[in-house]
Amino acid sequence: MTVINSHRKAKALKQGSRRPAKDLCSECGLCDTYYIHYVKEACAFINQQITELETIAHGRSRDLNNENDLYFGVHQEMMSAKKIEPIEGAQWTGIVSTIACEMLTQGLVEGVVCVQNSDEDRFQPKPIIATTTEEILGAKVNKPTLSPNLSVLEQIEQSGMKRLLVIGVGCQIQALRAVEDKLGLEKLYVLGTPCVDNVTRAGLQKFLETTSKSPDTVVAYEFMQDFRVHFKHEDGSVEKVPFFGLKTNQLKDVFAPSCMTCFDYVNSLADLVVGYMGAPFGWQWIVVRNDIGREMLDLVKNQLHTQPVISRGDRTQAVQNSIPAYDQGVTLPMWAAKLMGVVIEKVGPKGLEYARFSIDSHFTRNYLYVKRNYPEKLKDHVPEYAEKIVSQYKLPD
Ligand SMILES: Cc1cc2nc3c(=O)[nH]c(=O)nc-3n(C[C@H](O)[C@H](O)[C@H](O)COP(=O)(O)OP(=O)(O)OC[C@H]3O[C@@H](n4cnc5c(N)ncnc54)[C@H](O)[C@@H]3O)c2cc1C
């Protein structure tokens, strides 16, 4: 008992105080609780331990000689899916919110950790432990900002809940897995989303102001498989900006340093992952990592259209070309960016190959960032699978 509870004596950090991961803190929320006691082992940016935690969560780590494992992590199955009746206002079709609601109403869990937004600001994250379907649905749609989801961990222990679902992105889930056996739970379910290029609230403002024609009316956005950023506005209209037209020179420092050093795009430690990038445009992408993930997906299968994943095209040249272009902050004139977007959408990578394109582009960029800014961390911080992916490309110094 004393061992399990020793963390309760630790003191959470006050808001705004400097975190142990310093500039690399992703504000996952762990340090807002007495679980800060474990931060040196648990923090994804202090102690990268994906391989070890994969073995604990899934019974094995990824097979580096199997291309799908190498890229997408341990899995039993992948598929494309969409809700037969999409949830209005969800990020995509609302598969994540639907699974959470079913788990709660069917009594598999007593609470769901998810993130709503503050009353004043639709993009300011407000993590909660939802105990009603209304609260879960109140958390639908991405808050495209660093979110302290784990800040509610103390409340879990205090509430006496024994069965819990946590929804979160990779850095939150890595820290969660590291303290999972300290939470006093009988059963934990983890529903993850992929995540990349997240920003602080101030960074988000800069991104919106630099990229959208109407930053104040944006309700959601996504970097889509058609090589454009889609901004959804309050009036329902969708503004599309080609990736190649982004003002890279102004946006280079907008992404959080944690995200520039992250190699867990696909949320390796969740039981079930729901994203979009491995699916055809308009569909969501599901990765079932283990039996717990399968149990969660089975609850909603009758509410989904599904189809097998596909993979078409060859990403490698496009990735190689994008490396120096990003590095030098090249921005094309909008007409050229639009043209390039149209061409690449027609002939470019599709399905899993698009997901590999996105992973390769981000891993090469992040590898260079770590090498240049945190050379002392390079060896321990970059997982072996990411090194293997990056080694396919020629990088500048
Ligand atoms: C910052 C971010 C970046 C992403 N980037 C990619 C990507 O590059 N490729 C890809 O395939 N997928 C990405 N995703 C996942 C994708 O955008 C959708 O969230 C996912 O497909 C689920 O859609 P849905 O309609 O089922 O979700 P909804 O039913 O709308 O539910 C969304 C859920 O996300 C949770 N959530 C919202 N914001 C955050 C946050 N900041 N941190 C943790 N949890 C949050 C909410 O609690 C809610 O339960 C990203 C998600 C986030 C949050």
# chains A, B, ... in the order shown; residues from 1 in each chain; ligands from 1
$ select_by_dssp --residues "range 65-258 of chain A" --states "strand (DSSP E or B)" --output "PyMOL selection string"
chain A and resi 77-83+111-117+125-130+163-168+187-192+218-223+228-233+238-242
$ select_by_dssp --residues "range 134-334 of chain A" --states "alpha helix (DSSP H)" --output "PyMOL selection string"
chain A and resi 134-137+153-159+170-179+201-211+248-251+257-260+291-298+316-327+334
$ residues_near_ligand --ligand "ligand 1" --cutoff "6 Å" --atoms "only C-alpha atoms and all ligand atoms" --output "ChimeraX atom specification"
/A:90-97,114-115,139-147,167-169,193-196,198,274-277,284
$ residues_around --residues "Ile56 in chain A" --least-positions-apart "4" --cutoff "10 Å" --atoms "only C-alpha atoms" --output "PyMOL selection string"
chain A and resi 50-52+60-61+177-178+269
$ atom_distance --atom1 "CA of Gly73 in chain A" --atom2 "CA of Ser268 in chain A"
5.5 Å
$ closest_residue --among "A:Gln392, A:Leu272, A:Gly203, A:Glu157" --to "Asp298 in chain A" --atoms "only C-alpha atoms"
A:Leu272
$ closest_residue --among "A:Asn373, A:Asn65, A:Asn149, A:Thr131" --to "Leu164 in chain A" --atoms "only C-alpha atoms"
A:Thr131
$ residues_around --residues "Val199 in chain A" --least-positions-apart "3" --cutoff "12 Å" --atoms "only C-alpha atoms" --output "ChimeraX atom specification"
/A:25-27,123-125,143-147,195-196,202-208,251-260
$ residues_around --residues "Val39 in chain A" --least-positions-apart "3" --cutoff "12 Å" --atoms "only C-alpha atoms" --output "PyMOL selection string"
chain A and resi 7+10-13+19-21+25+28-36+42-48+174-176+178-179
$ write_last_selection --atoms "N, CA, C and O atoms" --output "compact mmCIF listing (two decimals), in the first residue's frame"
# COMPACT_ATOMS: atom_id res chain seq x y z
N HIS A 7 3.15 8.34 -4.21
CA HIS A 7 3.04 9.54 -5.05
C HIS A 7 2.15 10.62 -4.44
O HIS A 7 2.27 11.78 -4.78
N ALA A 10 3.62 13.76 -3.25
CA ALA A 10 4.26 14.69 -4.20
C ALA A 10 3.35 15.90 -4.45
O ALA A 10 2.14 15.81 -4.29
N LYS A 11 3.97 17.01 -4.83
CA LYS A 11 3.18 18.24 -5.02
C LYS A 11 3.07 18.56 -6.51
O LYS A 11 4.09 18.64 -7.21
N ALA A 12 1.84 18.73 -6.97
CA ALA A 12 1.64 19.14 -8.36
C ALA A 12 2.27 20.51 -8.58
O ALA A 12 2.34 21.31 -7.65
N LEU A 13 2.69 20.76 -9.83
CA LEU A 13 3.26 22.08 -10.10
C LEU A 13 2.15 23.10 -10.29
O LEU A 13 1.06 22.76 -10.77
N ARG A 19 8.24 23.26 -16.28
CA ARG A 19 8.03 21.82 -16.14
C ARG A 19 9.36 21.06 -16.26
O ARG A 19 10.29 21.55 -16.91
N PRO A 20 9.42 19.85 -15.72
CA PRO A 20 10.66 19.08 -15.80
C PRO A 20 11.18 18.88 -17.24
O PRO A 20 12.38 18.87 -17.47
N ALA A 21 10.28 18.76 -18.22
CA ALA A 21 10.76 18.56 -19.60
C ALA A 21 11.18 19.89 -20.24
O ALA A 21 11.57 19.92 -21.41
N CYS A 25 8.18 20.32 -22.96
CA CYS A 25 6.94 19.91 -22.31
C CYS A 25 5.76 19.99 -23.29
O CYS A 25 5.59 21.00 -23.97
N CYS A 28 0.97 17.67 -21.13
CA CYS A 28 0.03 16.53 -21.10
C CYS A 28 -0.82 16.52 -19.83
O CYS A 28 -1.83 15.85 -19.76
N GLY A 29 -0.35 17.25 -18.79
CA GLY A 29 -1.15 17.36 -17.57
C GLY A 29 -0.62 16.53 -16.41
O GLY A 29 -1.04 16.73 -15.27
N LEU A 30 0.32 15.61 -16.68
CA LEU A 30 0.82 14.75 -15.59
C LEU A 30 1.37 15.59 -14.43
O LEU A 30 1.12 15.29 -13.26
N CYS A 31 2.09 16.65 -14.76
CA CYS A 31 2.75 17.46 -13.72
C CYS A 31 1.77 18.37 -12.98
O CYS A 31 2.14 19.03 -12.02
N ASP A 32 0.51 18.39 -13.44
CA ASP A 32 -0.53 19.13 -12.71
C ASP A 32 -1.11 18.26 -11.59
O ASP A 32 -2.09 18.66 -10.95
N THR A 33 -0.56 17.07 -11.41
CA THR A 33 -1.08 16.14 -10.41
C THR A 33 0.07 15.60 -9.56
O THR A 33 1.23 15.78 -9.91
N TYR A 34 -0.30 14.87 -8.50
CA TYR A 34 0.78 14.29 -7.69
C TYR A 34 1.49 13.15 -8.41
O TYR A 34 2.51 12.67 -7.94
N TYR A 35 1.01 12.77 -9.57
CA TYR A 35 1.75 11.76 -10.37
C TYR A 35 3.03 12.35 -10.97
O TYR A 35 3.80 11.64 -11.61
N ILE A 36 3.24 13.63 -10.74
CA ILE A 36 4.53 14.23 -11.11
C ILE A 36 5.68 13.45 -10.46
O ILE A 36 6.81 13.44 -10.94
N ALA A 42 8.03 8.70 -16.66
CA ALA A 42 6.79 8.68 -17.45
C ALA A 42 6.77 9.66 -18.63
O ALA A 42 6.12 9.38 -19.64
N CYS A 43 7.46 10.78 -18.51
CA CYS A 43 7.33 11.83 -19.53
C CYS A 43 7.93 11.36 -20.86
O CYS A 43 9.09 10.94 -20.92
N ALA A 44 7.14 11.49 -21.92
CA ALA A 44 7.57 11.03 -23.24
C ALA A 44 8.79 11.79 -23.75
O ALA A 44 9.49 11.31 -24.63
N PHE A 45 9.01 12.97 -23.19
CA PHE A 45 10.11 13.81 -23.70
C PHE A 45 11.34 13.76 -22.80
O PHE A 45 12.37 14.35 -23.11
N ILE A 46 11.21 13.08 -21.66
CA ILE A 46 12.37 12.87 -20.79
C ILE A 46 12.87 11.44 -20.96
O ILE A 46 14.06 11.18 -20.99
N ASN A 47 11.94 10.51 -21.08
CA ASN A 47 12.30 9.09 -21.12
C ASN A 47 11.47 8.37 -22.18
O ASN A 47 10.40 7.86 -21.89
N GLN A 48 11.97 8.36 -23.41
CA GLN A 48 11.27 7.69 -24.50
C GLN A 48 11.35 6.18 -24.28
O GLN A 48 12.44 5.64 -24.19
N GLN A 174 1.45 7.92 -23.63
CA GLN A 174 2.71 7.34 -23.15
C GLN A 174 2.87 7.56 -21.65
O GLN A 174 3.22 6.66 -20.89
N ALA A 175 2.58 8.78 -21.19
CA ALA A 175 2.69 9.06 -19.75
C ALA A 175 1.65 8.26 -18.96
O ALA A 175 1.93 7.74 -17.89
N LEU A 176 0.46 8.16 -19.53
CA LEU A 176 -0.61 7.38 -18.86
C LEU A 176 -0.19 5.93 -18.67
O LEU A 176 -0.36 5.35 -17.59
N ALA A 178 2.68 4.74 -18.44
CA ALA A 178 3.76 4.61 -17.48
C ALA A 178 3.26 4.63 -16.03
O ALA A 178 3.92 4.11 -15.14
N VAL A 179 2.10 5.25 -15.80
CA VAL A 179 1.58 5.29 -14.42
C VAL A 179 0.29 4.46 -14.26
O VAL A 179 -0.34 4.48 -13.21
$ closest_residue --among "A:Lys40, A:Arg372, A:Lys338, A:His75" --to "Asp226 in chain A" --atoms "only C-alpha atoms"
A:Lys338
$ residues_around --residues "Arg289 in chain A" --least-positions-apart "5" --cutoff "8 Å" --atoms "only C-alpha atoms" --output "PyMOL selection string"
chain A and resi 58+73-77+270-273+294
$ write_last_selection --atoms "C-alpha atoms" --output "compact mmCIF listing (two decimals), in the first residue's frame"
# COMPACT_ATOMS: atom_id res chain seq x y z
CA HIS A 58 0.12 -5.29 -26.47
CA GLY A 73 2.79 0.06 -34.78
CA VAL A 74 1.59 -3.22 -33.29
CA HIS A 75 -1.80 -4.14 -34.71
CA GLN A 76 -4.18 -6.98 -35.38
CA GLU A 77 -6.16 -5.24 -38.08
CA ALA A 270 -3.45 2.99 -27.39
CA ASP A 271 -5.61 -0.15 -27.59
CA LEU A 272 -7.54 1.29 -30.54
CA VAL A 273 -6.57 4.23 -32.78
CA ARG A 294 -11.20 -5.11 -30.70
$ residues_around --residues "Asn321 in chain A" --least-positions-apart "3" --cutoff "12 Å" --atoms "only C-alpha atoms" --output "tab-separated table (two decimals) with all heavy atoms, in the first residue's frame"
chain	number	residue	atom	x	y	z
A	244	PHE	N	1.32	23.21	-50.09
A	244	PHE	CA	2.52	23.81	-50.70
A	244	PHE	C	2.45	25.33	-50.73
A	244	PHE	O	3.40	25.99	-51.10
A	244	PHE	CB	2.72	23.24	-52.12
A	244	PHE	CG	2.71	21.74	-52.12
A	244	PHE	CD1	1.58	21.03	-52.52
A	244	PHE	CD2	3.80	21.02	-51.66
A	244	PHE	CE1	1.55	19.64	-52.48
A	244	PHE	CE2	3.78	19.63	-51.61
A	244	PHE	CZ	2.66	18.94	-52.01
A	315	ARG	N	5.43	7.36	-52.42
A	315	ARG	CA	5.63	8.63	-51.73
A	315	ARG	C	7.07	9.13	-51.75
A	315	ARG	O	7.33	10.29	-51.47
A	315	ARG	CB	5.24	8.47	-50.26
A	315	ARG	CG	6.31	7.68	-49.49
A	315	ARG	CD	5.84	6.91	-48.34
A	315	ARG	NE	6.89	6.17	-47.67
A	315	ARG	CZ	7.21	4.92	-47.94
A	315	ARG	NH1	6.61	4.28	-48.93
A	315	ARG	NH2	8.17	4.32	-47.28
A	316	THR	N	8.04	8.22	-52.02
A	316	THR	CA	9.42	8.50	-51.62
A	316	THR	C	10.00	9.77	-52.26
A	316	THR	O	10.64	10.57	-51.59
A	316	THR	CB	10.34	7.29	-51.88
A	316	THR	OG1	9.98	6.71	-53.12
A	316	THR	CG2	10.21	6.26	-50.79
A	317	GLN	N	9.76	9.95	-53.57
A	317	GLN	CA	10.35	11.14	-54.22
A	317	GLN	C	9.73	12.42	-53.66
A	317	GLN	O	10.43	13.41	-53.43
A	317	GLN	CB	10.14	11.05	-55.74
A	317	GLN	CG	11.08	11.95	-56.54
A	317	GLN	CD	12.56	11.73	-56.18
A	317	GLN	OE1	13.03	10.60	-56.17
A	317	GLN	NE2	13.28	12.81	-55.83
A	318	ALA	N	8.42	12.39	-53.44
A	318	ALA	CA	7.75	13.58	-52.89
A	318	ALA	C	8.31	13.92	-51.51
A	318	ALA	O	8.53	15.09	-51.18
A	318	ALA	CB	6.25	13.35	-52.80
A	324	PRO	N	14.39	19.46	-48.34
A	324	PRO	CA	15.08	20.75	-48.45
A	324	PRO	C	14.10	21.92	-48.58
A	324	PRO	O	14.36	23.02	-48.10
A	324	PRO	CB	15.93	20.61	-49.72
A	324	PRO	CG	15.39	19.44	-50.45
A	324	PRO	CD	14.70	18.57	-49.46
A	325	ALA	N	12.93	21.67	-49.22
A	325	ALA	CA	11.96	22.76	-49.40
A	325	ALA	C	11.50	23.27	-48.03
A	325	ALA	O	11.47	24.48	-47.77
A	325	ALA	CB	10.77	22.28	-50.21
A	326	TYR	N	11.19	22.36	-47.12
A	326	TYR	CA	10.76	22.77	-45.78
A	326	TYR	C	11.91	23.42	-45.04
A	326	TYR	O	11.76	24.46	-44.39
A	326	TYR	CB	10.24	21.56	-44.99
A	326	TYR	CG	9.72	21.97	-43.62
A	326	TYR	CD1	8.41	22.40	-43.46
A	326	TYR	CD2	10.57	22.00	-42.53
A	326	TYR	CE1	7.95	22.82	-42.23
A	326	TYR	CE2	10.12	22.43	-41.28
A	326	TYR	CZ	8.81	22.83	-41.14
A	326	TYR	OH	8.37	23.27	-39.92
A	327	ASP	N	13.08	22.80	-45.18
A	327	ASP	CA	14.25	23.27	-44.44
A	327	ASP	C	14.58	24.72	-44.81
A	327	ASP	O	14.96	25.52	-43.97
A	327	ASP	CB	15.43	22.34	-44.79
A	327	ASP	CG	16.49	22.36	-43.72
A	327	ASP	OD1	16.12	22.44	-42.54
A	327	ASP	OD2	17.69	22.32	-44.06
A	328	GLN	N	14.40	25.03	-46.08
A	328	GLN	CA	14.74	26.39	-46.52
A	328	GLN	C	13.53	27.33	-46.47
A	328	GLN	O	13.60	28.47	-46.92
A	328	GLN	CB	15.30	26.35	-47.95
A	328	GLN	CG	16.68	25.70	-48.01
A	328	GLN	CD	16.94	25.02	-49.36
A	328	GLN	OE1	16.35	25.39	-50.37
A	328	GLN	NE2	17.79	23.99	-49.36
A	330	VAL	N	10.73	27.29	-48.17
A	330	VAL	CA	10.25	27.68	-49.50
A	330	VAL	C	8.72	27.79	-49.49
A	330	VAL	O	8.04	26.90	-48.99
A	330	VAL	CB	10.66	26.61	-50.56
A	330	VAL	CG1	10.05	26.92	-51.92
A	330	VAL	CG2	12.17	26.50	-50.63
A	357	PHE	N	3.58	8.76	-46.35
A	357	PHE	CA	4.09	10.06	-46.80
A	357	PHE	C	4.12	11.04	-45.63
A	357	PHE	O	5.11	11.73	-45.38
A	357	PHE	CB	3.20	10.62	-47.93
A	357	PHE	CG	3.41	12.08	-48.20
A	357	PHE	CD1	4.43	12.51	-49.02
A	357	PHE	CD2	2.57	13.05	-47.62
A	357	PHE	CE1	4.64	13.87	-49.25
A	357	PHE	CE2	2.77	14.39	-47.84
A	357	PHE	CZ	3.81	14.81	-48.65
A	360	ASP	N	6.74	9.91	-42.97
A	360	ASP	CA	8.11	10.16	-43.44
A	360	ASP	C	8.44	11.66	-43.38
A	360	ASP	O	9.52	12.05	-42.93
A	360	ASP	CB	8.28	9.68	-44.89
A	360	ASP	CG	8.35	8.17	-45.00
A	360	ASP	OD1	8.41	7.48	-43.97
A	360	ASP	OD2	8.36	7.65	-46.15
A	361	SER	N	7.52	12.49	-43.87
A	361	SER	CA	7.79	13.94	-43.91
A	361	SER	C	8.02	14.47	-42.49
A	361	SER	O	8.91	15.29	-42.27
A	361	SER	CB	6.63	14.73	-44.51
A	361	SER	OG	6.19	14.13	-45.67
A	364	THR	N	11.36	12.88	-40.76
A	364	THR	CA	12.62	13.45	-41.27
A	364	THR	C	12.78	14.88	-40.73
A	364	THR	O	13.86	15.27	-40.27
A	364	THR	CB	12.68	13.45	-42.81
A	364	THR	OG1	11.46	13.98	-43.33
A	364	THR	CG2	12.89	12.05	-43.35
A	393	TYR	N	16.12	8.29	-46.33
A	393	TYR	CA	16.23	9.59	-47.01
A	393	TYR	C	17.58	10.25	-46.79
A	393	TYR	O	18.26	9.99	-45.79
A	393	TYR	CB	15.09	10.52	-46.52
A	393	TYR	CG	13.75	9.96	-46.87
A	393	TYR	CD1	13.01	9.24	-45.94
A	393	TYR	CD2	13.26	10.06	-48.16
A	393	TYR	CE1	11.79	8.67	-46.28
A	393	TYR	CE2	12.04	9.50	-48.51
A	393	TYR	CZ	11.31	8.80	-47.57
A	393	TYR	OH	10.12	8.24	-47.92
A	394	LYS	N	17.92	11.14	-47.75
A	394	LYS	CA	19.16	11.91	-47.63
A	394	LYS	C	18.79	13.22	-46.94
A	394	LYS	O	17.95	13.98	-47.43
A	394	LYS	CB	19.66	12.18	-49.05
A	394	LYS	CG	21.09	12.58	-49.14
A	394	LYS	CD	21.52	12.57	-50.61
A	394	LYS	CE	22.76	13.35	-50.88
A	394	LYS	NZ	23.23	14.31	-49.94
A	395	LEU	N	19.41	13.48	-45.80
A	395	LEU	CA	19.07	14.68	-45.03
A	395	LEU	C	20.20	15.71	-45.12
A	395	LEU	O	21.37	15.33	-45.17
A	395	LEU	CB	18.86	14.35	-43.55
A	395	LEU	CG	17.78	13.34	-43.17
A	395	LEU	CD1	17.61	13.30	-41.66
A	395	LEU	CD2	16.46	13.67	-43.83
A	396	PRO	N	19.84	17.00	-45.13
A	396	PRO	CA	20.89	18.02	-45.03
A	396	PRO	C	21.53	17.98	-43.64
A	396	PRO	O	20.97	17.36	-42.73
A	396	PRO	CB	20.13	19.34	-45.23
A	396	PRO	CG	18.71	19.02	-44.94
A	396	PRO	CD	18.51	17.56	-45.15
$ atom_distance --atom1 "CA of Ser6 in chain A" --atom2 "CA of Lys182 in chain A"
9.7 Å
$ atom_distance --atom1 "CA of Trp285 in chain A" --atom2 "CA of Glu88 in chain A"
18.6 Å
